[in-house]
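*Asks:* This structure is in structure tokens; I'll ask about it shortly.
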Amino acid sequence: MPAIQETIEQVKEIDVDQYKYGFVTDIEMELAPKGLSEDIVRFISAKKDEPEWMLEWRLDAFRRWKTMEEPTWARVDYPKIDFEDLYYYAAPKSAPGPKSLDEVDPELLETYKKLGIPLSEQAVLAGVEGARVAVDAVFDSVSVVTTFKDELAKSGVIFCSISEAVREHPELVKKYLGSVVPTTDNFYATLNAAVFSDGSFVYIPKGVRCPMELSTYFRINEEKTGQFERTLIIADEGSYVSYLEGCTAPMRDENQLHAAVVELVTHDDAEIKYSTVQNWYPGNSEGKGGIYNFVTKRGDCRGKNSKISWTQVETGSAITWKYPSCILRGENSRGEFYSIAISNGKQQVDSGTKMIHLGKNSSSRIISKGISAGRSQNTYRGLVSAHRKASGARNFTQCDSLLIGDQCGAHTVPYIESKNSTAVFEHEATTSKISDDQMFYCQQRGMTDEEAIALIVNGFVRDVIQQLPMEFMAETQKLIGISLEGSVG
Amino acid sequence: MTAQPQKIQTQAETSLMQQFAFLDLEPSRQAAADRLNESGLPHRRVEEWKYTDLRALLKDVPQLASAQSVVPTTAGQPLVPADFVLAVVDGIPQDLANAGANASDAAKEAVSLEIGLGDAKGFHEKPNANVDFNMALASSGYVIQVRKSAVTPIIFIDHIVSKADAITAACRHSILVESGAQAILVERFSGPEGSAYVASSGLSVIVEDGAKLTQARVVAEGDQSSHLATIGARIGTDAIYEPFVMTLGSHLVRTDVQITFDGEQSHLGIRGATLVKGKQHTDMTLDVDHASPNCTSIEQFKSVIADEAKAVFQGKIMVKQIAQKTDAKMMSQGLLLSENGEFLNKPELEIFADDVVCGHGATCGDIDEEMLFYLLSRGIPHPVAEIMMVQAFVAEAIEDTEQPEIIEAFEAILADWLASR
């Protein structure tokens with residue numbers, strides 16, 4: 001059945017032409033020479049004041065990258081990227097590294113204010129009593145400020161830019177960097193390993209429940225730059241952290257490259273909740289400009305009873321190529337992936353997840369909602385696999401897509417690989433099998449199937465979205481209202 | 001400096017190329033051979049062959065059997081009472097003289113049979129290594145034409161490999177069910193145990209407007225053989241095509257099915273049951289192209305995997321922009337009976353039309369403990385209970401056929417397989 005009018009209108013409101021964050025900050029920047037070479041890698045490393053081992057690590061990755069070919073398997077179509085025509089390092093002159101809030105260039109503070117990011121530690125988010133969020137603000141290639149550092153340090157939590165972590169906590173970085181996404185993993189991850197310029201580092205010590213939300217806000221500002229950030233989050237035994245990532249960019253006619261790597265590690269009984277509101281500039285309605293978002297995100301549930309949960313709300317980017325994954329290594333470990341991907345204009349989304357079950361009784365859940373409008377293409381691509389030793393592994397997958405208009409496409413490409421007879425996998429692309437119990441409960445209270453499904457699905461998506469800063473919520477609230485009526489496989 | 005990877009031919013590729021060089025092929029067969037020569041056998045880096053690396057799995061392509069070397073043989077006992085009984089021995093279609101011995105005059109009137117290559121109109125235009133393999137190697141087959149009549153003729157084709165030495169048996173049939181006609185096609189593939197023969201089978205199906213074709217196939221080849229089959233079908237307006245494929249045999253089975261809707265208001269009901277054990281590898285790859293509006297399709301596949309066997313299901317439903325009001329439902333289920341079995345499943349949807357109902361489901365697991373307990377608690381011994389559960393699981397796919405004799409025949413095959421485990 002076709003989509004209902006209300007849904008159509010709601011999607012229209014977040015159409016590509018309505019992009020609110022397209023302004024440019026006029027600030028003096030320091031740029032590395034254009035192009036990519038060993039010298040540029042050395043330049044970035046020197047800028048970051050990195051130790052020798054880090055430089056070697058980067059150079060190794062760079063040499064490897066030169067032998068690799070750009071992947072073409074995703075269902076996206078774009079002109080070949082000229083990797084020599086990009087700036088790999090761009091930093092505001094006034095902010096060579098993160099410092100205290102008082103020293104930050106007022107122009108930058110103004111930018112974040114405009115974006116609605118609370119950089120002031122006193123700021124309490126409207127309507128959310130007592131909710132405080134520590135923010136690491138990354139502007140082009142550098143982290144300009146990290147808030148609440150001292151307060152976090154009191155509980156032993158390390159939250160800083162990754163460049164700072166390389167200098168201050170080399171033992172942790174050495175141990176974990178590249179242990180989830182190896183430098184040789186894929187074309188963009190290898191490129192990132194060679195030239196990554198900044199990003200966030202989080203370490204939650206044993207038994208600590210992180211006292212506040214952590215968040216990183218990525219902003220691309222400069223022309224012809226690529227942003228390559230690297231995030232590393234480690235949750236030690238019994239700890240918990242909720243982390244939020246947001247991103248925006250100015251409206252420019254050219255395409256800009258964003259190739260990030262995110263690595264998560266959870267030890268025994270630890271949990272990481274990683275939420276993303278991806279709102280990069282999607283290009284105009286004719287498909288001109290916009291961000292190419294080629295991101296490798298992966299979590300490693302190393303310990304028993306560990307848990308990683310990915311939540312993503314994707315509205316931006318000209319091209320999205322992103323598969324937040326979980327390696328479920330630990331016994332009873334759990335992976336979750338909740339995604340709402342909305343594409344409009346000429347956007348192309350190829351996104352999904354991988355749940356790799358290696359440990360006994362590991363379980364995972366995938367809920368993916370794709371909504372395509374305009375002339376966009378929206379693909380869910382996912383893998384669920386159970387290794388021989390993954391006895392009792394359990395997966396439930398549901399991916400629904402909704403098409404608005406007859407110029408767009410919705411595609412589903414799931415890979416389901418079971419090598420263990422006790423592993424139970426269910427993949428549902430119809431709307432009849434969420435949980436019979438929950439459905440029955442709702443139905444007996446007089447709800448229709450559709451209302452019940454919307455309630456159940458939105459229930460847990462909302463659960464995560466409610467924890468996002470209020471400023472992000474305006475966008476996502478609209479998505480929540482979108483009806484599932486007319487969904488197809 | 002990057003080293004150029006050297007292309008090393010496998011034994012199977014070498015013998016295939018040598019045979020192509022020796023055969024004097026007409027242009028369309030030569031074109032298929034050239035494509036294979038160029039690309040080699042497909043391997044795991046080719047997406048459609050990700051789970052069935054033919055380059056690694058196909059050890060050899062033995063000498064192609066020729067008409068001169070084949071001893072004339074007649075078909076075995078048909079699976080179901082049939083009007084026409086045809087035999088293909090070592091890939092060579094046998095004489096038609098006695099084919100219609102049991103057929104009524106009305107059935108004889110309705111069906112025209114010829115030996116030849118017919119056309120391959122049923123196949124997609126998309127390049128496919130399995131189709132090329134068959135196109136290049138097959139030199140003959142049956143050309144079947146069903147005209148409109150009061151009866152629904154049943155045609156049985158028995159594919160037999162007679163030689164104990166490894167050979168390659170290749171044939172391609174075409175069946176045309178003319179407007180308003182109905183037919184039932186039943187096929188069996190069998191061969192000697194212990195022989196590493198290769199059977200390549202092609203079938204081009206055209207179901208014209210208002211026509212109906214019901215098809216049932218059992219693949220029960222010898223345990224060391226390789227079975228590479230392709231079915232290409234085009235469905236007209238207001239037509240029905242209902243194929244069922246049961247796969248039991250061969251060391252390696254790959255069946256490619258490509259179906260295109262050419263007209264509106266048509267229905268496809270394709271079902272499959274795969275029963276594998278030992279170290280068998282079976283692959284069912286389905287590509288349904290909803291190229292017309294208002295059509296419905298149901299795809300239902302069941303795989304039962306024992307020992308160290310591996311079953312692959314790849315199903316793609318494409319709904320073109322024009323194909324509004326499409327209703328497509330695909331279900332693929334795997335039942336793993338042993339610890340070391342593997343079930344690899346890739347149900348795929350590509351949708352370009354907004355007013356459609358499409359869905360797919362995929363499940364995989366072992367026998368439900370609770371259900372098993374229910375049977376055990378009623379005093380049914382464990383092996384019997386397990387057999388009952390498997391029967392019930394597979395029956396769902398078998399029982400959708402309208403013909404009771406076909407259901408009976410396939411249930412008997414299922415029972416034999418379970419008893420021999």
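Labels used: A, B, ... for chains in the order of the structure tokens, numbers from 1 for residues in each chain, and numbers from 1 for ligands as shown.
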Could you list the residues in chain B lying within 9 Å of chain A, using only C-alpha atoms, and format the result as a ChimeraX atom specification?
*Replies:* /B:1-2,47,310,316,321-322,325,329,335-367
*Asks:* Grab the residues selected above and save them as a compact mmCIF listing (two decimals), in the first residue's frame with C-alpha atoms.
*Replies:*
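Resulting contents of selection-v4.txt:
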```
# COMPACT_ATOMS: atom_id res chain seq x y z
CA MET B 1 55.04 -1.51 -7.81
CA THR B 2 52.26 -3.99 -7.77
CA GLU B 47 29.05 -12.10 -5.77
CA LYS B 310 26.28 -27.30 3.26
CA LYS B 316 16.55 -12.21 -5.29
CA GLN B 321 9.41 0.64 -11.31
CA ILE B 322 6.54 -0.33 -13.60
CA LYS B 325 0.70 -3.76 -7.09
CA LYS B 329 6.60 -13.31 -0.53
CA LEU B 335 16.92 -27.10 9.62
CA LEU B 336 20.33 -28.17 10.85
CA LEU B 337 20.37 -31.76 12.08
CA SER B 338 24.03 -31.94 12.99
CA GLU B 339 26.65 -29.80 14.63
CA ASN B 340 28.80 -29.43 11.55
CA GLY B 341 26.22 -28.60 8.93
CA GLU B 342 26.11 -25.16 7.37
CA PHE B 343 23.23 -23.10 6.07
CA LEU B 344 24.06 -19.99 4.11
CA ASN B 345 21.16 -17.80 3.23
CA LYS B 346 20.87 -14.61 1.23
CA PRO B 347 17.31 -13.47 0.52
CA GLU B 348 17.46 -10.23 -1.37
CA LEU B 349 14.90 -7.58 -2.33
CA GLU B 350 15.34 -4.84 -4.90
CA ILE B 351 12.29 -2.61 -5.02
CA PHE B 352 11.73 0.34 -7.32
CA ALA B 353 7.91 0.57 -7.14
CA ASP B 354 6.16 2.18 -4.19
CA ASP B 355 2.76 0.51 -4.17
CA VAL B 356 3.74 -3.07 -3.54
CA VAL B 357 3.69 -5.67 -0.79
CA CYS B 358 6.96 -7.53 -0.64
CA GLY B 359 8.42 -9.52 2.15
CA HIS B 360 10.96 -12.12 2.89
CA GLY B 361 11.63 -14.27 5.85
CA ALA B 362 14.53 -16.48 6.73
CA THR B 363 14.96 -18.77 9.67
CA CYS B 364 17.52 -21.29 10.67
CA GLY B 365 17.98 -23.53 13.64
CA ASP B 366 17.79 -27.12 14.86
CA ILE B 367 14.77 -29.20 15.81
```
*Asks:* Which residues, written as an NGL selection string, have at least one atom at most 6 Å from stretch 331-348 of chain A, with only C-alpha atoms counted and residues fewer than 4 positions away on the same chain left out?
*Replies:* :A and (285 or 287 or 304-315 or 318-319 or 326 or 359-377)
*Asks:* With only C-alpha atoms as the atoms that count, which of B:Val131, B:Ile154, B:Leu54, B:Met284 lies nearest to B:Glu405?
*Replies:*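 For B:Glu405, the nearest of the candidates is B:Ile154.
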*Asks:* Could you give me, as a short mmCIF file (atom, residue, chain, number, x, y, z; two decimals) with N, CA and C atoms, in the first residue's frame, each residue of stretch 100-315 of chain B that DSSP assigns to strand (DSSP E or B) when run on this structure's backbone?
*Replies:*
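Ended up saving to part.cif:
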```cif
data_model
loop_
_atom_site.label_atom_id
_atom_site.label_comp_id
_atom_site.auth_asym_id
_atom_site.auth_seq_id
_atom_site.Cartn_x
_atom_site.Cartn_y
_atom_site.Cartn_z
N VAL B 111 0.31 -32.29 -27.68
CA VAL B 111 1.76 -32.13 -27.47
C VAL B 111 2.55 -32.45 -28.73
N SER B 112 3.46 -31.53 -29.07
CA SER B 112 4.38 -31.86 -30.16
C SER B 112 5.79 -31.99 -29.58
N LEU B 113 6.47 -33.09 -29.94
CA LEU B 113 7.80 -33.37 -29.39
C LEU B 113 8.81 -33.46 -30.52
N GLU B 114 9.97 -32.86 -30.30
CA GLU B 114 11.04 -32.96 -31.29
C GLU B 114 12.35 -33.07 -30.56
N ILE B 115 13.36 -33.61 -31.27
CA ILE B 115 14.69 -33.60 -30.69
C ILE B 115 15.44 -32.45 -31.35
N TYR B 142 15.13 -31.92 -25.80
CA TYR B 142 13.77 -32.03 -26.34
C TYR B 142 13.16 -30.66 -26.53
N VAL B 143 12.46 -30.49 -27.64
CA VAL B 143 11.72 -29.25 -27.87
C VAL B 143 10.25 -29.62 -27.73
N ILE B 144 9.62 -29.12 -26.68
CA ILE B 144 8.25 -29.52 -26.35
C ILE B 144 7.31 -28.34 -26.56
N GLN B 145 6.22 -28.60 -27.23
CA GLN B 145 5.24 -27.55 -27.48
C GLN B 145 3.88 -28.09 -27.05
N VAL B 146 3.20 -27.35 -26.17
CA VAL B 146 1.89 -27.82 -25.70
C VAL B 146 0.82 -26.88 -26.24
N ILE B 154 0.77 -34.96 -19.04
CA ILE B 154 1.89 -35.09 -18.10
C ILE B 154 3.09 -35.62 -18.89
N ILE B 155 4.19 -34.88 -18.85
CA ILE B 155 5.39 -35.27 -19.58
C ILE B 155 6.47 -35.60 -18.57
N PHE B 156 7.06 -36.77 -18.70
CA PHE B 156 8.11 -37.19 -17.77
C PHE B 156 9.43 -37.31 -18.53
N ILE B 157 10.46 -36.63 -18.02
CA ILE B 157 11.78 -36.77 -18.65
C ILE B 157 12.73 -37.39 -17.63
N ASP B 158 13.31 -38.53 -18.01
CA ASP B 158 14.24 -39.23 -17.12
C ASP B 158 15.66 -38.96 -17.61
N HIS B 159 16.46 -38.29 -16.80
CA HIS B 159 17.86 -38.02 -17.18
C HIS B 159 18.72 -39.07 -16.50
N ILE B 160 19.37 -39.88 -17.33
CA ILE B 160 20.15 -40.99 -16.78
C ILE B 160 21.60 -40.84 -17.21
N THR B 168 30.93 -36.01 -19.14
CA THR B 168 30.11 -34.82 -18.98
C THR B 168 28.85 -35.03 -19.81
N ALA B 169 27.71 -34.90 -19.18
CA ALA B 169 26.43 -35.06 -19.88
C ALA B 169 25.75 -33.70 -19.90
N ALA B 170 25.51 -33.17 -21.09
CA ALA B 170 24.89 -31.85 -21.18
C ALA B 170 23.72 -31.86 -22.14
N CYS B 171 22.62 -31.26 -21.74
CA CYS B 171 21.49 -31.15 -22.64
C CYS B 171 20.68 -29.91 -22.29
N ARG B 172 19.90 -29.44 -23.23
CA ARG B 172 19.03 -28.32 -22.93
C ARG B 172 17.68 -28.53 -23.60
N HIS B 173 16.63 -28.45 -22.82
CA HIS B 173 15.28 -28.60 -23.36
C HIS B 173 14.61 -27.23 -23.42
N SER B 174 13.57 -27.18 -24.25
CA SER B 174 12.74 -25.98 -24.19
C SER B 174 11.29 -26.43 -24.19
N ILE B 175 10.48 -25.78 -23.38
CA ILE B 175 9.06 -26.11 -23.34
C ILE B 175 8.25 -24.83 -23.53
N LEU B 176 7.32 -24.90 -24.46
CA LEU B 176 6.46 -23.76 -24.74
C LEU B 176 5.03 -24.19 -24.45
N VAL B 177 4.38 -23.52 -23.50
CA VAL B 177 2.98 -23.82 -23.22
C VAL B 177 2.18 -22.70 -23.86
N GLN B 182 -2.46 -26.11 -20.75
CA GLN B 182 -1.94 -26.50 -19.43
C GLN B 182 -1.09 -27.74 -19.59
N ALA B 183 -0.04 -27.85 -18.77
CA ALA B 183 0.81 -29.04 -18.86
C ALA B 183 1.48 -29.31 -17.53
N ILE B 184 1.91 -30.54 -17.35
CA ILE B 184 2.67 -30.91 -16.15
C ILE B 184 3.97 -31.55 -16.63
N LEU B 185 5.08 -31.02 -16.13
CA LEU B 185 6.39 -31.55 -16.52
C LEU B 185 7.06 -32.13 -15.28
N VAL B 186 7.44 -33.41 -15.36
CA VAL B 186 8.10 -34.06 -14.23
C VAL B 186 9.48 -34.52 -14.70
N GLU B 187 10.51 -34.22 -13.92
CA GLU B 187 11.86 -34.59 -14.34
C GLU B 187 12.59 -35.32 -13.22
N ARG B 188 13.47 -36.24 -13.65
CA ARG B 188 14.31 -36.94 -12.66
C ARG B 188 15.73 -36.97 -13.19
N PHE B 189 16.68 -36.74 -12.32
CA PHE B 189 18.09 -36.82 -12.68
C PHE B 189 18.74 -37.88 -11.80
N SER B 190 19.35 -38.88 -12.44
CA SER B 190 20.03 -39.90 -11.62
C SER B 190 21.28 -40.39 -12.35
N VAL B 198 29.87 -35.05 -14.61
CA VAL B 198 29.30 -33.71 -14.53
C VAL B 198 28.03 -33.67 -15.37
N ALA B 199 26.92 -33.27 -14.76
CA ALA B 199 25.68 -33.17 -15.52
C ALA B 199 25.30 -31.70 -15.63
N SER B 200 25.14 -31.24 -16.85
CA SER B 200 24.71 -29.85 -17.06
C SER B 200 23.35 -29.87 -17.73
N SER B 201 22.39 -29.22 -17.09
CA SER B 201 21.04 -29.28 -17.63
C SER B 201 20.47 -27.88 -17.80
N GLY B 202 19.88 -27.65 -18.94
CA GLY B 202 19.27 -26.35 -19.20
C GLY B 202 17.80 -26.54 -19.54
N LEU B 203 16.97 -25.63 -19.09
CA LEU B 203 15.55 -25.72 -19.43
C LEU B 203 15.03 -24.30 -19.68
N SER B 204 14.51 -24.11 -20.88
CA SER B 204 13.93 -22.81 -21.21
C SER B 204 12.41 -22.96 -21.21
N VAL B 205 11.75 -22.15 -20.43
CA VAL B 205 10.29 -22.28 -20.26
C VAL B 205 9.60 -21.01 -20.75
N ILE B 206 8.59 -21.18 -21.59
CA ILE B 206 7.74 -20.04 -21.95
C ILE B 206 6.30 -20.42 -21.61
N VAL B 207 5.70 -19.66 -20.71
CA VAL B 207 4.29 -19.89 -20.38
C VAL B 207 3.52 -18.71 -20.98
N LYS B 212 -0.79 -22.49 -18.16
CA LYS B 212 -0.32 -22.91 -16.84
C LYS B 212 0.65 -24.07 -16.98
N LEU B 213 1.78 -23.97 -16.32
CA LEU B 213 2.73 -25.08 -16.30
C LEU B 213 3.05 -25.43 -14.85
N THR B 214 2.88 -26.71 -14.54
CA THR B 214 3.28 -27.22 -13.23
C THR B 214 4.51 -28.08 -13.48
N GLN B 215 5.53 -27.88 -12.67
CA GLN B 215 6.76 -28.62 -12.91
C GLN B 215 7.24 -29.22 -11.60
N ALA B 216 7.72 -30.44 -11.65
CA ALA B 216 8.29 -31.07 -10.46
C ALA B 216 9.57 -31.77 -10.86
N ARG B 217 10.63 -31.52 -10.13
CA ARG B 217 11.93 -32.07 -10.51
C ARG B 217 12.59 -32.69 -9.29
N VAL B 218 13.20 -33.85 -9.47
CA VAL B 218 14.01 -34.39 -8.38
C VAL B 218 15.43 -34.61 -8.90
N VAL B 219 16.37 -34.07 -8.13
CA VAL B 219 17.78 -34.23 -8.48
C VAL B 219 18.36 -35.27 -7.52
N ALA B 220 18.59 -36.47 -8.06
CA ALA B 220 19.12 -37.57 -7.22
C ALA B 220 20.29 -38.21 -7.94
N SER B 226 28.70 -33.91 -10.11
CA SER B 226 28.38 -32.48 -10.01
C SER B 226 27.20 -32.19 -10.92
N HIS B 227 26.23 -31.47 -10.39
CA HIS B 227 25.02 -31.20 -11.15
C HIS B 227 24.87 -29.68 -11.28
N LEU B 228 24.95 -29.19 -12.51
CA LEU B 228 24.82 -27.75 -12.73
C LEU B 228 23.59 -27.52 -13.59
N ALA B 229 22.57 -26.92 -13.02
CA ALA B 229 21.31 -26.78 -13.76
C ALA B 229 20.88 -25.33 -13.85
N THR B 230 20.22 -25.02 -14.95
CA THR B 230 19.64 -23.69 -15.09
C THR B 230 18.22 -23.81 -15.61
N ILE B 231 17.34 -23.03 -15.05
CA ILE B 231 15.98 -22.94 -15.56
C ILE B 231 15.74 -21.46 -15.86
N GLY B 232 15.30 -21.18 -17.05
CA GLY B 232 14.99 -19.79 -17.41
C GLY B 232 13.54 -19.76 -17.87
N ALA B 233 12.73 -18.91 -17.24
CA ALA B 233 11.31 -18.92 -17.59
C ALA B 233 10.78 -17.52 -17.82
N ARG B 234 9.84 -17.41 -18.75
CA ARG B 234 9.14 -16.15 -18.98
C ARG B 234 7.65 -16.44 -18.87
N ILE B 235 6.95 -15.60 -18.11
CA ILE B 235 5.53 -15.83 -17.86
C ILE B 235 4.74 -14.71 -18.52
N ILE B 240 0.20 -18.93 -15.19
CA ILE B 240 0.65 -19.49 -13.90
C ILE B 240 1.83 -20.43 -14.15
N TYR B 241 2.87 -20.27 -13.36
CA TYR B 241 4.01 -21.18 -13.45
C TYR B 241 4.31 -21.65 -12.03
N GLU B 242 4.31 -22.98 -11.84
CA GLU B 242 4.52 -23.51 -10.50
C GLU B 242 5.57 -24.61 -10.48
N PRO B 243 6.82 -24.24 -10.36
CA PRO B 243 7.86 -25.26 -10.32
C PRO B 243 8.19 -25.70 -8.88
N PHE B 244 8.58 -26.94 -8.76
CA PHE B 244 9.04 -27.46 -7.47
C PHE B 244 10.32 -28.27 -7.72
N VAL B 245 11.35 -27.97 -6.95
CA VAL B 245 12.63 -28.66 -7.16
C VAL B 245 13.05 -29.34 -5.86
N MET B 246 13.23 -30.66 -5.93
CA MET B 246 13.73 -31.37 -4.75
C MET B 246 15.15 -31.81 -5.03
N THR B 247 16.06 -31.43 -4.15
CA THR B 247 17.46 -31.74 -4.38
C THR B 247 17.97 -32.68 -3.30
N LEU B 252 28.06 -31.95 -5.60
CA LEU B 252 27.92 -30.51 -5.79
C LEU B 252 26.69 -30.24 -6.66
N VAL B 253 25.78 -29.43 -6.17
CA VAL B 253 24.61 -29.06 -6.97
C VAL B 253 24.50 -27.53 -7.00
N ARG B 254 24.34 -27.01 -8.19
CA ARG B 254 24.03 -25.59 -8.28
C ARG B 254 22.87 -25.46 -9.26
N THR B 255 21.77 -24.90 -8.79
CA THR B 255 20.62 -24.69 -9.65
C THR B 255 20.35 -23.20 -9.74
N ASP B 256 20.42 -22.66 -10.93
CA ASP B 256 20.09 -21.25 -11.15
C ASP B 256 18.71 -21.17 -11.76
N VAL B 257 17.82 -20.43 -11.14
CA VAL B 257 16.48 -20.26 -11.69
C VAL B 257 16.25 -18.78 -11.94
N GLN B 258 15.93 -18.44 -13.18
CA GLN B 258 15.66 -17.04 -13.51
C GLN B 258 14.27 -16.95 -14.09
N ILE B 259 13.43 -16.14 -13.47
CA ILE B 259 12.04 -16.06 -13.93
C ILE B 259 11.67 -14.60 -14.18
N THR B 260 11.06 -14.33 -15.30
CA THR B 260 10.66 -12.96 -15.65
C THR B 260 9.16 -12.90 -15.91
N PHE B 261 8.51 -11.91 -15.32
CA PHE B 261 7.09 -11.69 -15.61
C PHE B 261 6.98 -10.76 -16.81
N HIS B 267 0.91 -15.39 -11.97
CA HIS B 267 1.33 -15.90 -10.66
C HIS B 267 2.49 -16.88 -10.80
N LEU B 268 3.43 -16.74 -9.89
CA LEU B 268 4.53 -17.71 -9.81
C LEU B 268 4.49 -18.32 -8.42
N GLY B 269 4.54 -19.63 -8.36
CA GLY B 269 4.65 -20.29 -7.07
C GLY B 269 5.82 -21.25 -7.15
N ILE B 270 6.97 -20.83 -6.67
CA ILE B 270 8.14 -21.71 -6.77
C ILE B 270 8.50 -22.22 -5.39
N ARG B 271 8.71 -23.51 -5.32
CA ARG B 271 9.04 -24.12 -4.03
C ARG B 271 10.21 -25.06 -4.19
N GLY B 272 10.93 -25.26 -3.11
CA GLY B 272 12.07 -26.15 -3.20
C GLY B 272 12.29 -26.86 -1.88
N ALA B 273 12.81 -28.07 -1.96
CA ALA B 273 13.20 -28.81 -0.76
C ALA B 273 14.59 -29.37 -1.02
N THR B 274 15.49 -29.09 -0.11
CA THR B 274 16.85 -29.59 -0.26
C THR B 274 17.16 -30.49 0.92
N LEU B 275 17.62 -31.70 0.62
CA LEU B 275 17.95 -32.65 1.68
C LEU B 275 19.39 -33.08 1.47
N VAL B 276 20.27 -32.66 2.35
CA VAL B 276 21.69 -32.98 2.14
C VAL B 276 22.33 -33.65 3.34
N HIS B 281 27.32 -30.35 -1.13
CA HIS B 281 27.19 -28.89 -1.20
C HIS B 281 26.10 -28.59 -2.22
N THR B 282 25.02 -27.95 -1.78
CA THR B 282 23.97 -27.62 -2.73
C THR B 282 23.68 -26.13 -2.69
N ASP B 283 23.35 -25.61 -3.83
CA ASP B 283 23.12 -24.17 -3.96
C ASP B 283 21.90 -23.94 -4.84
N MET B 284 20.92 -23.25 -4.31
CA MET B 284 19.75 -22.87 -5.10
C MET B 284 19.80 -21.35 -5.23
N THR B 285 19.95 -20.87 -6.43
CA THR B 285 20.02 -19.43 -6.65
C THR B 285 18.85 -18.99 -7.52
N LEU B 286 18.07 -18.10 -6.97
CA LEU B 286 16.81 -17.73 -7.61
C LEU B 286 16.82 -16.25 -7.93
N ASP B 287 16.33 -15.91 -9.10
CA ASP B 287 16.28 -14.51 -9.51
C ASP B 287 14.91 -14.27 -10.15
N VAL B 288 14.04 -13.61 -9.41
CA VAL B 288 12.69 -13.36 -9.92
C VAL B 288 12.58 -11.90 -10.32
N ASP B 289 12.20 -11.67 -11.54
CA ASP B 289 12.14 -10.30 -12.06
C ASP B 289 10.68 -9.90 -12.28
N HIS B 290 10.15 -9.12 -11.35
CA HIS B 290 8.78 -8.60 -11.51
C HIS B 290 8.87 -7.41 -12.45
N THR B 296 1.73 -11.75 -8.78
CA THR B 296 2.02 -12.26 -7.43
C THR B 296 3.05 -13.36 -7.53
N SER B 297 3.86 -13.48 -6.50
CA SER B 297 4.79 -14.60 -6.48
C SER B 297 5.00 -15.08 -5.05
N ILE B 298 5.14 -16.39 -4.93
CA ILE B 298 5.45 -16.98 -3.64
C ILE B 298 6.67 -17.85 -3.84
N GLU B 299 7.70 -17.64 -3.03
CA GLU B 299 8.89 -18.45 -3.12
C GLU B 299 9.07 -19.11 -1.76
N GLN B 300 9.08 -20.43 -1.75
CA GLN B 300 9.20 -21.12 -0.47
C GLN B 300 10.25 -22.21 -0.55
N PHE B 301 11.26 -22.12 0.29
CA PHE B 301 12.36 -23.09 0.22
C PHE B 301 12.69 -23.66 1.59
N LYS B 302 12.87 -24.98 1.61
CA LYS B 302 13.19 -25.66 2.86
C LYS B 302 14.49 -26.43 2.68
N SER B 303 15.39 -26.31 3.62
CA SER B 303 16.64 -27.05 3.52
C SER B 303 16.85 -27.86 4.80
N VAL B 304 17.13 -29.14 4.63
CA VAL B 304 17.43 -30.00 5.78
C VAL B 304 18.89 -30.42 5.63
N ILE B 305 19.69 -30.13 6.63
CA ILE B 305 21.12 -30.34 6.50
C ILE B 305 21.62 -31.28 7.58
N LYS B 310 26.43 -28.75 3.34
CA LYS B 310 26.28 -27.30 3.26
C LYS B 310 25.15 -26.99 2.29
N ALA B 311 24.21 -26.16 2.69
CA ALA B 311 23.14 -25.76 1.78
C ALA B 311 23.16 -24.25 1.64
N VAL B 312 23.02 -23.81 0.41
CA VAL B 312 23.05 -22.38 0.12
C VAL B 312 21.72 -21.99 -0.51
N PHE B 313 21.16 -20.90 -0.07
CA PHE B 313 19.99 -20.36 -0.78
C PHE B 313 20.24 -18.88 -1.04
N GLN B 314 20.16 -18.51 -2.30
CA GLN B 314 20.26 -17.10 -2.65
C GLN B 314 19.02 -16.76 -3.45
N GLY B 315 18.22 -15.87 -2.95
CA GLY B 315 16.98 -15.55 -3.66
C GLY B 315 16.85 -14.06 -3.84
#
```
*Asks:* From a DSSP calculation on the backbone, collect every residue of stretch 85-316 of chain B in alpha helix (DSSP H) and output the set as a ChimeraX atom specification.
*Replies:* /B:105-110,129-137
*Asks:* May I ask for the distance between atom CA of A:Gly299 and atom CA of A:Arg64, given in Å to one decimal place?
*Replies:*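 Separating atom CA of A:Gly299 from atom CA of A:Arg64 is a distance of 23.2 Å.
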*Asks:* Check the smallest atom-to-atom distance from each of B:Trp49, B:Arg44, B:Val80, B:Phe20 to B:Leu64 using only C-alpha atoms, then report the winner.
*Replies:*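 Closest to B:Leu64 of all the choices is B:Phe20.
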*Asks:* Just how far from atom CA of B:Thr237 is atom CA of B:Gly210, in Å to one decimal?
*Replies:*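 Result for atom CA of B:Gly210 versus atom CA of B:Thr237: 6.3 Å, one decimal.
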*Asks:* Compile the contact shell of A:Glu69 as a PyMOL selection string: residues with an atom at most 12 Å away, counting only C-alpha atoms, same-chain residues fewer than 5 positions apart removed.
*Replies:* (chain A and resi 64+80+186-188+190-191) or (chain B and resi 2)
*Asks:* For A:Thr353, list every protein, DNA or RNA residue within 6 Å, evaluated using only C-alpha atoms, and leave out those in the same chain fewer than 3 positions away; present the list as a list in words.
*Replies:*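 The neighbour list is Tyr323, Pro324, Ser325 and Gly382 of chain A.
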